[in-house]
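J.: Sharing final.txt here; it has compact mmCIF, C-alpha atoms and all ligand atoms.
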# COMPACT_ATOMS: atom_id res chain seq x y z
CA MET A 27 -33.53 -6.50 -61.14
CA PHE A 28 -31.27 -4.40 -58.93
CA GLU A 29 -27.98 -6.11 -58.16
CA SER A 30 -26.79 -5.95 -54.58
CA ASP A 31 -23.08 -5.71 -53.73
CA LEU A 32 -22.96 -9.05 -51.97
CA VAL A 33 -25.42 -11.82 -51.24
CA ILE A 34 -24.77 -14.65 -48.77
CA LYS A 35 -27.01 -17.69 -48.56
CA SER A 36 -26.79 -20.32 -45.86
CA ASP A 37 -28.85 -22.81 -43.92
CA LYS A 38 -26.80 -22.00 -40.83
CA VAL A 39 -26.98 -18.26 -40.21
CA TRP A 40 -26.26 -17.40 -36.59
CA ASP A 41 -27.48 -13.85 -36.14
CA GLY A 42 -26.02 -13.15 -32.72
CA GLU A 43 -29.41 -12.49 -31.20
CA SER A 44 -31.66 -15.52 -31.41
CA GLN A 45 -28.83 -17.96 -30.55
CA THR A 46 -30.11 -20.47 -33.09
CA PHE A 47 -29.25 -21.30 -36.68
CA LYS A 48 -31.62 -20.08 -39.35
CA GLU A 49 -31.90 -20.43 -43.10
CA ALA A 50 -31.47 -17.00 -44.61
CA THR A 51 -30.14 -14.80 -47.37
CA LEU A 52 -28.14 -11.76 -46.30
CA VAL A 53 -28.33 -8.88 -48.75
CA ILE A 54 -25.40 -6.49 -48.33
CA ASN A 55 -25.09 -3.04 -49.85
CA LYS A 56 -22.66 -0.21 -49.14
CA GLY A 57 -21.20 -2.03 -46.16
CA ILE A 58 -24.53 -2.57 -44.44
CA ILE A 59 -26.80 -5.60 -44.13
CA GLU A 60 -29.65 -4.07 -46.04
CA ARG A 61 -32.14 -6.92 -45.90
CA ILE A 62 -32.47 -10.45 -44.66
CA GLU A 63 -34.59 -12.64 -46.87
CA ASP A 64 -35.46 -16.29 -46.77
CA LEU A 65 -32.98 -18.78 -48.17
CA TYR A 66 -34.66 -19.24 -51.54
CA ALA A 67 -35.50 -15.60 -52.22
CA PRO A 68 -34.44 -14.69 -55.78
CA VAL A 69 -31.92 -11.96 -54.96
CA LYS A 70 -29.28 -10.88 -57.44
CA GLY A 71 -25.82 -9.84 -56.36
CA LYS A 72 -22.58 -8.75 -57.99
CA ARG A 73 -21.20 -11.55 -55.86
CA VAL A 74 -23.24 -14.41 -54.43
CA ILE A 75 -21.75 -16.74 -51.83
CA ASP A 76 -23.51 -20.05 -51.42
CA ALA A 77 -22.57 -20.93 -47.86
CA CYS A 78 -24.95 -23.82 -47.28
CA GLY A 79 -23.31 -26.28 -44.91
CA LEU A 80 -21.07 -23.52 -43.56
CA ILE A 81 -21.73 -21.40 -40.49
CA VAL A 82 -22.37 -17.71 -41.14
CA SER A 83 -21.73 -15.64 -38.04
CA PRO A 84 -21.11 -12.02 -37.17
CA GLY A 85 -17.36 -11.38 -37.34
CA PHE A 86 -15.62 -12.28 -34.09
CA ILE A 87 -14.91 -9.50 -31.61
CA ASP A 88 -11.60 -9.45 -29.77
CA ILE A 89 -11.94 -7.49 -26.54
CA HIS A 90 -8.28 -7.88 -25.68
CA ALA A 91 -5.94 -7.03 -28.55
CA HIS A 92 -2.59 -5.26 -28.77
CA VAL A 93 -2.60 -3.41 -32.08
CA GLU A 94 -0.61 -0.50 -30.81
CA GLU A 95 3.16 -0.53 -31.01
CA ASP A 96 5.47 -0.95 -33.99
CA PRO A 97 3.56 -0.23 -37.25
CA SER A 98 4.77 -3.37 -39.06
CA ASP A 99 4.01 -5.64 -36.08
CA THR A 100 0.57 -4.11 -35.66
CA LEU A 101 -0.13 -4.75 -39.32
CA THR A 102 0.87 -8.39 -38.85
CA ILE A 103 -1.36 -8.70 -35.77
CA GLN A 104 -4.31 -7.17 -37.61
CA LYS A 105 -3.89 -9.58 -40.52
CA LEU A 106 -3.59 -12.58 -38.20
CA LEU A 107 -6.74 -11.54 -36.35
CA LEU A 108 -8.58 -11.05 -39.64
CA LEU A 109 -7.54 -14.51 -40.85
CA GLN A 110 -9.07 -15.97 -37.66
CA GLY A 111 -12.40 -14.28 -38.39
CA VAL A 112 -12.00 -11.26 -36.12
CA THR A 113 -13.54 -8.13 -37.63
CA THR A 114 -13.40 -5.78 -34.64
CA ALA A 115 -10.77 -5.57 -31.91
CA ILE A 116 -10.40 -3.48 -28.79
CA SER A 117 -6.80 -2.50 -28.35
CA GLY A 118 -4.67 -0.57 -25.85
CA ASN A 119 -4.98 -3.22 -23.15
CA CYS A 120 -2.75 -4.06 -20.17
CA GLY A 121 -2.01 -0.35 -19.74
CA SER A 122 0.17 -0.41 -22.85
CA GLY A 123 -0.14 1.33 -26.17
CA LEU A 124 -0.64 4.82 -27.53
CA LEU A 125 -2.92 7.80 -27.10
CA LEU A 126 -5.59 8.24 -29.79
CA ASP A 127 -3.83 10.91 -31.87
CA ASP A 128 -0.68 8.79 -32.02
CA VAL A 129 -2.70 5.70 -32.96
CA GLU A 130 -4.28 7.61 -35.82
CA GLY A 131 -0.85 8.50 -37.17
CA SER A 132 0.68 5.06 -36.81
CA LEU A 133 -2.19 2.99 -38.19
CA ARG A 134 -2.42 3.96 -41.83
CA GLU A 135 -3.73 0.53 -42.85
CA ARG A 136 -6.63 -1.01 -41.00
CA PHE A 137 -7.65 -4.53 -41.94
CA ILE A 138 -10.19 -4.75 -39.14
CA ASN A 139 -12.24 -2.28 -37.14
CA LEU A 140 -10.31 -1.00 -34.16
CA CYS A 141 -11.40 0.51 -30.89
CA PHE A 142 -8.96 1.87 -28.32
CA LEU A 143 -8.72 2.08 -24.59
CA THR A 144 -6.51 4.79 -23.12
CA PRO A 145 -3.47 2.96 -21.72
CA HIS A 146 -2.29 3.88 -18.24
CA ALA A 147 1.37 3.75 -19.34
CA ALA A 148 0.69 6.21 -22.16
CA LEU A 149 -0.83 8.66 -19.67
CA ARG A 150 2.20 8.22 -17.42
CA ARG A 151 4.61 8.78 -20.31
CA ALA A 152 2.74 11.91 -21.35
CA VAL A 153 3.24 13.50 -17.91
CA GLY A 154 6.89 12.51 -17.75
CA ILE A 155 6.82 9.28 -15.76
CA ALA A 156 9.18 6.90 -17.54
CA ASP A 157 9.97 4.62 -14.60
CA VAL A 158 7.30 1.94 -14.09
CA TYR A 159 8.19 1.72 -10.39
CA GLU A 160 7.67 5.46 -9.80
CA ARG A 161 4.70 6.72 -7.82
CA ALA A 162 2.81 9.57 -9.42
CA THR A 163 2.60 12.85 -7.47
CA PRO A 164 -0.84 14.45 -6.94
CA LEU A 165 0.09 17.05 -9.54
CA LYS A 166 0.90 14.39 -12.12
CA ILE A 167 -2.28 12.47 -11.31
CA LYS A 168 -4.21 15.66 -11.98
CA ALA A 169 -2.47 16.11 -15.33
CA MET A 170 -3.20 12.48 -16.27
CA ARG A 171 -6.86 12.95 -15.35
CA GLU A 172 -7.12 15.89 -17.71
CA LEU A 173 -5.48 13.99 -20.51
CA LEU A 174 -7.71 10.97 -19.94
CA ARG A 175 -10.78 13.21 -20.04
CA SER A 176 -9.72 14.54 -23.42
CA GLU A 177 -9.08 10.98 -24.70
CA LEU A 178 -12.57 9.93 -23.62
CA GLU A 179 -14.02 13.00 -25.29
CA LYS A 180 -12.22 11.97 -28.49
CA GLY A 181 -13.86 8.55 -28.33
CA ALA A 182 -11.63 6.20 -26.35
CA PHE A 183 -13.66 3.20 -25.19
CA GLY A 184 -12.26 3.43 -21.68
CA LEU A 185 -9.09 3.05 -19.67
CA SER A 186 -6.70 0.14 -19.27
CA PHE A 187 -4.37 -0.74 -16.43
CA GLY A 188 -1.49 -3.19 -16.36
CA LEU A 189 -1.07 -3.21 -12.60
CA GLU A 190 1.42 -6.06 -12.66
CA TYR A 191 3.67 -3.89 -14.85
CA THR A 192 3.45 -0.87 -12.53
CA PRO A 193 3.73 -2.61 -9.16
CA ASN A 194 3.95 0.49 -6.96
CA VAL A 195 0.99 2.35 -8.39
CA SER A 196 -1.10 3.85 -5.59
CA GLN A 197 -4.84 3.62 -4.96
CA ASP A 198 -4.93 7.43 -5.36
CA GLU A 199 -3.62 7.08 -8.87
CA ILE A 200 -5.93 4.19 -9.80
CA TYR A 201 -9.07 5.73 -8.32
CA GLY A 202 -8.13 9.23 -9.47
CA LEU A 203 -8.02 8.05 -13.07
CA ALA A 204 -10.93 5.63 -12.90
CA GLN A 205 -13.21 8.35 -11.53
CA VAL A 206 -12.84 10.30 -14.77
CA LEU A 207 -14.91 7.62 -16.53
CA LYS A 208 -17.86 8.47 -14.31
CA GLY A 209 -18.57 11.49 -16.48
CA PHE A 210 -18.92 9.40 -19.62
CA ASP A 211 -21.48 7.00 -20.91
CA ARG A 212 -20.69 3.35 -21.83
CA ARG A 213 -16.98 3.20 -21.05
CA PHE A 214 -15.10 0.47 -19.24
CA ILE A 215 -11.81 -0.25 -17.53
CA SER A 216 -9.76 -3.28 -18.47
CA ILE A 217 -7.38 -4.46 -15.78
CA HIS A 218 -4.42 -6.77 -16.02
CA ILE A 219 -4.46 -7.39 -12.27
CA ARG A 220 -1.56 -6.73 -9.92
CA HIS A 221 -0.43 -10.32 -9.33
CA ASP A 222 -0.52 -13.73 -10.93
CA GLY A 223 -0.02 -16.90 -8.88
CA PRO A 224 -0.54 -17.07 -5.10
CA LYS A 225 -1.49 -13.40 -4.65
CA CYS A 226 -3.92 -13.31 -7.59
CA ILE A 227 -6.98 -13.55 -5.36
CA ASP A 228 -6.05 -10.33 -3.53
CA ALA A 229 -5.29 -8.74 -6.88
CA LEU A 230 -8.66 -9.81 -8.27
CA LYS A 231 -10.43 -8.42 -5.20
CA GLU A 232 -8.63 -5.11 -5.71
CA ALA A 233 -10.02 -4.88 -9.26
CA ILE A 234 -13.53 -5.90 -8.22
CA ALA A 235 -13.47 -3.33 -5.38
CA LEU A 236 -12.75 -0.63 -7.95
CA ALA A 237 -15.80 -1.66 -9.98
CA GLU A 238 -17.92 -1.85 -6.84
CA ASP A 239 -16.75 1.40 -5.22
CA LEU A 240 -17.08 3.51 -8.34
CA ARG A 241 -19.95 1.64 -9.98
CA LEU A 242 -18.01 1.26 -13.19
CA ARG A 243 -17.57 -1.69 -15.51
CA VAL A 244 -14.32 -3.57 -15.03
CA GLU A 245 -13.12 -6.21 -17.49
CA ILE A 246 -10.59 -8.55 -15.88
CA SER A 247 -8.01 -9.26 -18.58
CA HIS A 248 -6.86 -12.79 -19.42
CA LEU A 249 -8.21 -14.22 -16.18
CA GLY A 250 -6.77 -17.65 -16.87
CA SER A 251 -3.18 -16.52 -17.18
CA MET A 252 -3.38 -14.78 -13.81
CA THR A 253 -5.12 -17.56 -11.86
CA ALA A 254 -4.40 -20.95 -13.47
CA PHE A 255 -1.85 -21.81 -10.80
CA GLY A 256 -4.37 -23.49 -8.52
CA TYR A 257 -6.63 -20.44 -8.03
CA ALA A 258 -8.94 -20.38 -11.06
CA LYS A 259 -11.92 -21.99 -9.35
CA GLU A 260 -11.72 -19.61 -6.40
CA ALA A 261 -11.34 -16.64 -8.76
CA LEU A 262 -14.43 -17.64 -10.73
CA ASN A 263 -16.42 -18.02 -7.51
CA ILE A 264 -15.37 -14.53 -6.41
CA ILE A 265 -16.44 -13.07 -9.75
CA GLU A 266 -19.78 -14.89 -9.62
CA ASP A 267 -20.42 -13.60 -6.08
CA ALA A 268 -19.58 -10.06 -7.17
CA VAL A 269 -21.97 -10.28 -10.12
CA LEU A 270 -24.71 -11.57 -7.82
CA ARG A 271 -24.38 -8.52 -5.60
CA GLY A 272 -24.63 -6.24 -8.62
CA VAL A 273 -20.98 -5.45 -9.37
CA ASP A 274 -20.33 -4.78 -13.06
CA VAL A 275 -17.37 -7.10 -13.51
CA LYS A 276 -16.60 -9.10 -16.66
CA PHE A 277 -13.65 -11.13 -17.86
CA ASP A 278 -11.84 -12.62 -20.81
CA SER A 279 -9.34 -15.43 -21.30
CA TYR A 280 -7.28 -17.09 -24.03
CA PRO A 281 -6.99 -20.80 -24.78
CA TYR A 282 -3.31 -21.58 -24.11
CA SER A 283 -1.44 -22.70 -21.03
CA ALA A 284 1.52 -20.40 -21.72
CA PHE A 285 1.59 -16.62 -21.48
CA CYS A 286 3.78 -14.13 -23.34
CA THR A 287 5.27 -10.81 -22.38
CA HIS A 288 8.49 -8.76 -22.48
CA ILE A 289 11.34 -10.15 -20.46
CA GLY A 290 12.17 -6.71 -19.09
CA SER A 291 8.75 -6.33 -17.45
CA ALA A 292 8.12 -6.39 -13.72
CA VAL A 293 6.53 -9.84 -14.18
CA PHE A 294 10.10 -11.20 -14.11
CA ASP A 295 11.24 -9.31 -11.02
CA PRO A 296 12.70 -11.65 -8.38
CA GLY A 297 10.30 -14.31 -7.08
CA PHE A 298 8.60 -15.40 -10.31
CA GLU A 299 9.94 -18.97 -10.21
CA GLU A 300 8.54 -19.46 -6.70
CA ARG A 301 5.24 -17.88 -7.77
CA TRP A 302 4.72 -20.36 -10.59
CA GLY A 303 6.53 -23.30 -9.03
CA LYS A 304 8.48 -23.62 -12.30
CA GLY A 305 12.05 -22.84 -13.26
CA LEU A 306 13.68 -20.89 -16.10
CA ASP A 307 13.59 -23.92 -18.39
CA PHE A 308 9.79 -23.48 -18.68
CA ILE A 309 10.37 -20.14 -20.36
CA GLU A 310 11.07 -19.88 -24.08
CA VAL A 311 12.49 -16.91 -25.97
CA ALA A 312 9.91 -15.86 -28.57
CA SER A 313 11.55 -13.01 -30.47
CA GLY A 314 15.00 -11.73 -31.38
CA LYS A 315 18.15 -13.70 -32.11
CA PHE A 316 17.71 -16.26 -29.32
CA LYS A 317 14.16 -17.19 -30.29
CA GLY A 318 13.25 -20.80 -29.70
CA MET A 319 15.80 -21.20 -26.89
CA ARG A 320 14.82 -22.06 -23.35
CA LEU A 321 16.10 -19.66 -20.71
CA ASN A 322 18.98 -20.37 -18.39
CA GLU A 323 20.55 -18.09 -15.80
CA ASP A 324 23.02 -16.47 -18.23
CA LEU A 325 20.54 -15.92 -21.05
CA PHE A 326 17.96 -14.54 -18.62
CA ASN A 327 20.43 -12.00 -17.19
CA LEU A 328 21.69 -11.04 -20.62
CA LEU A 329 18.22 -10.40 -22.09
CA ARG A 330 16.92 -8.60 -19.00
CA LYS A 331 19.85 -6.24 -19.22
CA GLU A 332 20.46 -5.83 -22.91
CA ALA A 333 17.23 -6.69 -24.71
CA PRO A 334 14.32 -6.10 -22.28
CA GLU A 335 11.86 -5.78 -25.17
CA THR A 336 12.43 -9.43 -26.10
CA LEU A 337 9.22 -11.49 -25.98
CA VAL A 338 9.26 -14.66 -23.93
CA VAL A 339 6.66 -17.39 -23.63
CA ALA A 340 6.24 -18.95 -20.19
CA HIS A 341 4.74 -22.44 -20.18
CA VAL A 342 3.61 -22.22 -16.59
CA MET A 343 -0.19 -22.35 -16.31
CA ASN A 344 -2.35 -25.43 -15.73
CA GLU A 345 -4.30 -26.23 -18.88
CA GLU A 346 -7.23 -27.67 -16.95
CA GLU A 347 -7.71 -24.36 -15.16
CA MET A 348 -7.28 -22.39 -18.39
CA ARG A 349 -10.11 -24.49 -19.82
CA LEU A 350 -12.21 -23.88 -16.72
CA CYS A 351 -11.91 -20.10 -17.15
CA LEU A 352 -12.51 -20.16 -20.90
CA SER A 353 -15.59 -22.35 -20.70
CA HIS A 354 -17.22 -20.32 -17.93
CA PRO A 355 -20.57 -18.95 -19.20
CA MET A 356 -19.34 -15.35 -18.71
CA CYS A 357 -15.99 -15.67 -20.47
CA ALA A 358 -15.14 -13.70 -23.61
CA VAL A 359 -12.53 -15.42 -25.75
CA ALA A 360 -9.74 -12.93 -26.44
CA SER A 361 -6.41 -13.10 -28.26
CA ASP A 362 -4.04 -10.88 -26.27
CA GLY A 363 -1.90 -11.44 -29.39
CA VAL A 364 1.57 -9.93 -29.38
CA ILE A 365 4.01 -10.23 -32.27
CA LYS A 366 7.50 -8.81 -32.73
CA GLY A 367 9.33 -9.06 -36.02
CA GLY A 368 6.93 -11.79 -37.13
CA TRP A 369 7.41 -13.83 -33.94
CA GLY A 370 5.50 -14.19 -30.72
CA HIS A 371 2.76 -16.31 -29.19
CA PRO A 372 0.46 -18.46 -31.39
CA ARG A 373 -2.61 -16.90 -29.76
CA ALA A 374 -2.21 -13.99 -32.23
CA ALA A 375 -3.10 -16.39 -35.04
CA GLY A 376 -5.12 -19.14 -33.37
CA ALA A 377 -6.97 -17.92 -30.25
CA PHE A 378 -10.44 -17.75 -31.78
CA PRO A 379 -10.66 -21.11 -33.59
CA ARG A 380 -8.89 -22.77 -30.67
CA GLY A 381 -11.19 -21.05 -28.16
CA LEU A 382 -14.22 -22.29 -30.10
CA LEU A 383 -12.81 -25.83 -30.10
CA TRP A 384 -12.19 -25.70 -26.35
CA LEU A 385 -15.79 -24.57 -25.88
CA ARG A 386 -17.01 -27.40 -28.08
CA GLU A 387 -14.90 -29.85 -26.10
CA ALA A 388 -16.48 -28.46 -22.92
CA GLY A 389 -19.86 -29.52 -24.33
CA TYR A 390 -21.19 -26.29 -25.82
CA PRO A 391 -23.17 -26.58 -29.06
CA TRP A 392 -21.99 -24.17 -31.78
CA GLU A 393 -24.92 -21.85 -31.14
CA GLU A 394 -23.74 -21.37 -27.56
CA ALA A 395 -20.02 -21.38 -28.25
CA LEU A 396 -20.35 -18.49 -30.69
CA LYS A 397 -21.68 -16.27 -27.91
CA HIS A 398 -18.20 -16.31 -26.38
CA VAL A 399 -16.55 -14.87 -29.48
CA VAL A 400 -19.27 -12.44 -30.52
CA THR A 401 -22.04 -11.59 -28.07
CA ILE A 402 -20.15 -11.54 -24.78
CA PRO A 403 -17.23 -9.39 -25.99
CA ARG A 404 -19.68 -7.10 -27.84
CA GLU A 405 -21.73 -6.52 -24.73
CA ASN A 406 -18.69 -6.21 -22.45
CA ALA A 407 -17.31 -3.43 -24.65
CA PHE A 408 -20.69 -1.69 -25.13
CA LEU A 409 -20.18 -2.11 -28.86
CA GLU A 410 -23.13 -1.21 -31.06
CA GLY A 411 -24.06 -1.80 -34.69
CA ARG A 412 -21.68 -4.77 -34.89
CA GLY A 413 -21.75 -8.34 -33.68
CA GLU A 414 -25.27 -8.97 -34.96
CA LEU A 415 -26.56 -10.00 -38.34
CA LYS A 416 -29.65 -7.89 -38.56
CA GLU A 417 -31.00 -5.33 -40.95
CA GLY A 418 -29.09 -2.07 -40.60
CA SER A 419 -26.00 -3.62 -38.97
CA PHE A 420 -22.53 -3.20 -40.40
CA ALA A 421 -21.75 -6.18 -42.62
CA ASP A 422 -18.96 -7.78 -40.59
CA VAL A 423 -19.31 -11.50 -41.25
CA VAL A 424 -17.28 -14.68 -40.90
CA ILE A 425 -18.14 -17.84 -42.83
CA PHE A 426 -16.47 -21.03 -41.63
CA ASP A 427 -16.62 -24.76 -42.02
CA PRO A 428 -17.53 -26.23 -38.63
CA LEU A 429 -16.03 -29.59 -39.58
CA ARG A 430 -12.66 -28.15 -40.50
CA LEU A 431 -12.23 -25.24 -38.13
CA SER A 432 -8.98 -25.58 -36.20
CA ASP A 433 -6.02 -23.47 -35.18
CA ARG A 434 -2.68 -24.36 -36.75
CA ALA A 435 -0.35 -21.82 -35.14
CA THR A 436 2.18 -23.37 -32.77
CA PHE A 437 4.94 -22.08 -30.52
CA SER A 438 7.48 -22.85 -33.24
CA ASN A 439 5.27 -21.46 -36.03
CA PRO A 440 3.18 -18.83 -34.29
CA THR A 441 1.77 -17.02 -37.33
CA LEU A 442 0.21 -19.96 -39.16
CA PRO A 443 -3.42 -19.06 -39.99
CA PRO A 444 -6.19 -21.45 -38.96
CA ASP A 445 -7.95 -23.99 -41.10
CA GLY A 446 -11.64 -23.78 -41.96
CA ILE A 447 -12.19 -20.01 -42.21
CA ARG A 448 -13.67 -19.61 -45.69
CA TYR A 449 -14.63 -15.94 -45.88
CA VAL A 450 -14.25 -12.90 -43.70
CA ILE A 451 -16.23 -9.82 -44.66
CA VAL A 452 -15.35 -6.45 -43.13
CA ASN A 453 -17.68 -3.51 -43.65
CA GLY A 454 -19.29 -5.34 -46.57
CA GLU A 455 -16.01 -6.13 -48.40
CA ILE A 456 -14.73 -9.67 -48.83
CA SER A 457 -11.38 -9.42 -47.05
CA VAL A 458 -10.52 -13.12 -46.73
CA GLU A 459 -11.37 -15.87 -49.16
CA ASP A 460 -10.28 -19.49 -48.57
CA GLY A 461 -7.82 -18.53 -45.89
CA LYS A 462 -6.13 -15.73 -47.86
CA ILE A 463 -6.41 -11.99 -47.51
CA ILE A 464 -7.74 -10.71 -50.83
CA GLY A 465 -9.36 -7.41 -50.01
CA PRO A 466 -8.03 -3.93 -49.41
CA SER A 467 -7.85 -2.63 -45.86
CA VAL A 468 -11.32 -1.35 -45.10
CA GLY A 469 -11.44 -1.24 -41.30
CA PHE A 470 -12.39 1.86 -39.34
CA ILE A 471 -11.14 3.30 -36.11
CA LEU A 472 -14.31 3.27 -34.07
CA ARG A 473 -14.86 6.05 -31.58
CA ARG A 474 -17.33 6.00 -28.78
ZN ZN B 501 -2.02 -8.24 -19.88
Can the structure in the file be given as structure tokens, please?
T.:
Amino acid sequence: MFESDLVIKSDKVWDGESQTFKEATLVINKGIIERIEDLYAPVKGKRVIDACGLIVSPGFIDIHAHVEEDPSDTLTIQKLLLLQGVTTAISGNCGSGLLLDDVEGSLRERFINLCFLTPHAALRRAVGIADVYERATPLKIKAMRELLRSELEKGAFGLSFGLEYTPNVSQDEIYGLAQVLKGFDRRFISIHIRHDGPKCIDALKEAIALAEDLRLRVEISHLGSMTAFGYAKEALNIIEDAVLRGVDVKFDSYPYSAFCTHIGSAVFDPGFEERWGKGLDFIEVASGKFKGMRLNEDLFNLLRKEAPETLVVAHVMNEEEMRLCLSHPMCAVASDGVIKGGWGHPRAAGAFPRGLLWLREAGYPWEEALKHVVTIPRENAFLEGRGELKEGSFADVVIFDPLRLSDRATFSNPTLPPDGIRYVIVNGEISVEDGKIIGPSVGFILRR
């Protein structure tokens, strides 16, 4: 009898489509799910995984990743995502990252499949705007539009803005760039909105207006971290209303009540303590030689001036509101993972298992919870051929123990892989076995 590359048998196969568990045998050959047979079908494989009692799901899809800066950090982030069960990630979010040609050069090893948005800051850099507070001239907007068009032609999945990081950016610049997407099929714009805290509602409305005016899809990035200061409920209502009137707006969120970014960013321009109602002692240094220390006036001034790339973690959001966002029926769980020199925020290593646990705690059965880590992000990103276990799909699979699944990464040990992830299969290759990376790097850069 012909031996297939890999055979997986389980009584709990969640195919991403029917939203129920089935008994099945997945027959994988040359990276593709070639056939799906019943559980007891006599299929031979070079490797057979008996996963009865374990959940077999399409690999998780991270719609908000940051695999885009320093090559060694990006490798770490990819591995941490893989160990959580993520097999495809959309990177270049929050307006930050690289243009496609540069990505190609810097990402020699790919442990997961990667898609890229064209980051606003990369467009600005390319036309000579280094200052985040600078307003682009009409001539520079025109040059950015041309560059964006060529990125989309090369297969970028869309455009990303980090409006909070470029506080003076004009509507002409935003709309001028967004309009370029109109000429392309199945692209989207991810937006880290202009404000967190008290002005987040205005900022959210600005992003929704863009989607409504231009009839484009807008993905609101990490909604919780922008609104969980007493505004999450109102924000969710606004999104629901927009959807009801036909606006193509989506959102994602991560399951932590602390955010993480560079201390030199505009997020920490004067007024942030008032915005969050919390002082410097709620902010922890997460990379560099002061890591682990809480900020005080002197340390804050020193790092802002001399080490603006330092990552800091701000424990300032309300957990209850973070949970409200994450457990909303529309929410895609996302990592937003950032790591520098092996340090950063635990979401890079724990967001997906933790997000699933939060969903379970909110009352979702597994069959429903899995939608938030597979189906919703897949649909939001217009991803095809992945995120479903059906004949002809790419064999991206995660196999986990529902009784043991839990995140272990903490703020003091942010890169600890989760418990309970037994196998992760990327493009038909076993990449993770019993919580350890065993396979070669077999991910692709996916182009639209
Ligand atoms: Zn962001």
J.: Taking all atoms listed in the file into account, name the residue in A:Leu203, A:Cys357, A:Ile89, A:Leu442 that is nearest to ligand ZN 501 (chain B).
T.: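 Smallest separation from ligand ZN 501 (chain B) among the options: A:Ile89.
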J.: Using only C-alpha atoms and all ligand atoms, determine which residues fall within 9 Å of ligand ZN 501 (chain B), then list them as a list in words.
T.: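 So the residues close to ligand ZN 501 (chain B) are His90, Asn119, Cys120, Gly121, Ser122, Phe187, Gly188, Leu189, Glu190, Tyr191, Ile217, His218, Ile219, Ser247, His248, Ser251, Cys286, Thr287 and Asp362 of chain A.
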J.: Tell me, in Å to one decimal, how far CA of Ser117 (chain A) is from CA of Thr144 (chain A).
T.: 9.0 Å
J.: If you take all atoms listed in the file and a cut-off of 10 Å, which residues of region 96-180 of chain A touch region 386-403 of chain A, and what are their nearest atom pairs and distances in Å to one decimal, in chain and number order, as a Markdown table?
T.:
| residue | atom | partner | partner_atom | distance |
| --- | --- | --- | --- | --- |
| A:Gly111 | CA | A:Val399 | CA | 9.8 |
| A:Val112 | CA | A:Val399 | CA | 8.8 |
| A:Thr114 | CA | A:Val400 | CA | 9.8 |
| A:Ala115 | CA | A:Pro403 | CA | 9.6 |
| A:Ile116 | CA | A:Pro403 | CA | 9.5 |
J.: Measuring atom to atom with only C-alpha atoms, identify which of A:Asn263, A:Asn322, A:Thr253, A:Thr436 is nearest to Met356 (chain A).
T.: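 Checking each of A:Asn263, A:Asn322, A:Thr253, A:Thr436 against Met356 (chain A), counting only C-alpha atoms, the winner is A:Asn263.
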J.: Taking (-17.6, -2.6, -11.5) in the coordinates of the supplied file, I want to know which residues reach to within 12 Å of it, counting only C-alpha atoms; could you give the answer as a PDB file with C-alpha atoms, keeping the file's coordinate frame?
T.:
ATOM      1  CA  ALA A 204     -10.930   5.630 -12.900  1.00  0.00           C
ATOM      2  CA  GLN A 205     -13.210   8.350 -11.530  1.00  0.00           C
ATOM      3  CA  LEU A 207     -14.910   7.620 -16.530  1.00  0.00           C
ATOM      4  CA  LYS A 208     -17.860   8.470 -14.310  1.00  0.00           C
ATOM      5  CA  ARG A 213     -16.980   3.200 -21.050  1.00  0.00           C
ATOM      6  CA  PHE A 214     -15.100   0.470 -19.240  1.00  0.00           C
ATOM      7  CA  ILE A 215     -11.810  -0.250 -17.530  1.00  0.00           C
ATOM      8  CA  SER A 216      -9.760  -3.280 -18.470  1.00  0.00           C
ATOM      9  CA  ILE A 217      -7.380  -4.460 -15.780  1.00  0.00           C
ATOM     10  CA  LEU A 230      -8.660  -9.810  -8.270  1.00  0.00           C
ATOM     11  CA  LYS A 231     -10.430  -8.420  -5.200  1.00  0.00           C
ATOM     12  CA  GLU A 232      -8.630  -5.110  -5.710  1.00  0.00           C
ATOM     13  CA  ALA A 233     -10.020  -4.880  -9.260  1.00  0.00           C
ATOM     14  CA  ILE A 234     -13.530  -5.900  -8.220  1.00  0.00           C
ATOM     15  CA  ALA A 235     -13.470  -3.330  -5.380  1.00  0.00           C
ATOM     16  CA  LEU A 236     -12.750  -0.630  -7.950  1.00  0.00           C
ATOM     17  CA  ALA A 237     -15.800  -1.660  -9.980  1.00  0.00           C
ATOM     18  CA  GLU A 238     -17.920  -1.850  -6.840  1.00  0.00           C
ATOM     19  CA  ASP A 239     -16.750   1.400  -5.220  1.00  0.00           C
ATOM     20  CA  LEU A 240     -17.080   3.510  -8.340  1.00  0.00           C
ATOM     21  CA  ARG A 241     -19.950   1.640  -9.980  1.00  0.00           C
ATOM     22  CA  LEU A 242     -18.010   1.260 -13.190  1.00  0.00           C
ATOM     23  CA  ARG A 243     -17.570  -1.690 -15.510  1.00  0.00           C
ATOM     24  CA  VAL A 244     -14.320  -3.570 -15.030  1.00  0.00           C
ATOM     25  CA  GLU A 245     -13.120  -6.210 -17.490  1.00  0.00           C
ATOM     26  CA  ILE A 246     -10.590  -8.550 -15.880  1.00  0.00           C
ATOM     27  CA  ILE A 265     -16.440 -13.070  -9.750  1.00  0.00           C
ATOM     28  CA  ALA A 268     -19.580 -10.060  -7.170  1.00  0.00           C
ATOM     29  CA  VAL A 269     -21.970 -10.280 -10.120  1.00  0.00           C
ATOM     30  CA  ARG A 271     -24.380  -8.520  -5.600  1.00  0.00           C
ATOM     31  CA  GLY A 272     -24.630  -6.240  -8.620  1.00  0.00           C
ATOM     32  CA  VAL A 273     -20.980  -5.450  -9.370  1.00  0.00           C
ATOM     33  CA  ASP A 274     -20.330  -4.780 -13.060  1.00  0.00           C
ATOM     34  CA  VAL A 275     -17.370  -7.100 -13.510  1.00  0.00           C
ATOM     35  CA  LYS A 276     -16.600  -9.100 -16.660  1.00  0.00           C
ATOM     36  CA  PHE A 277     -13.650 -11.130 -17.860  1.00  0.00           C
ATOM     37  CA  ASN A 406     -18.690  -6.210 -22.450  1.00  0.00           C
TER      38      ASN A 406
END
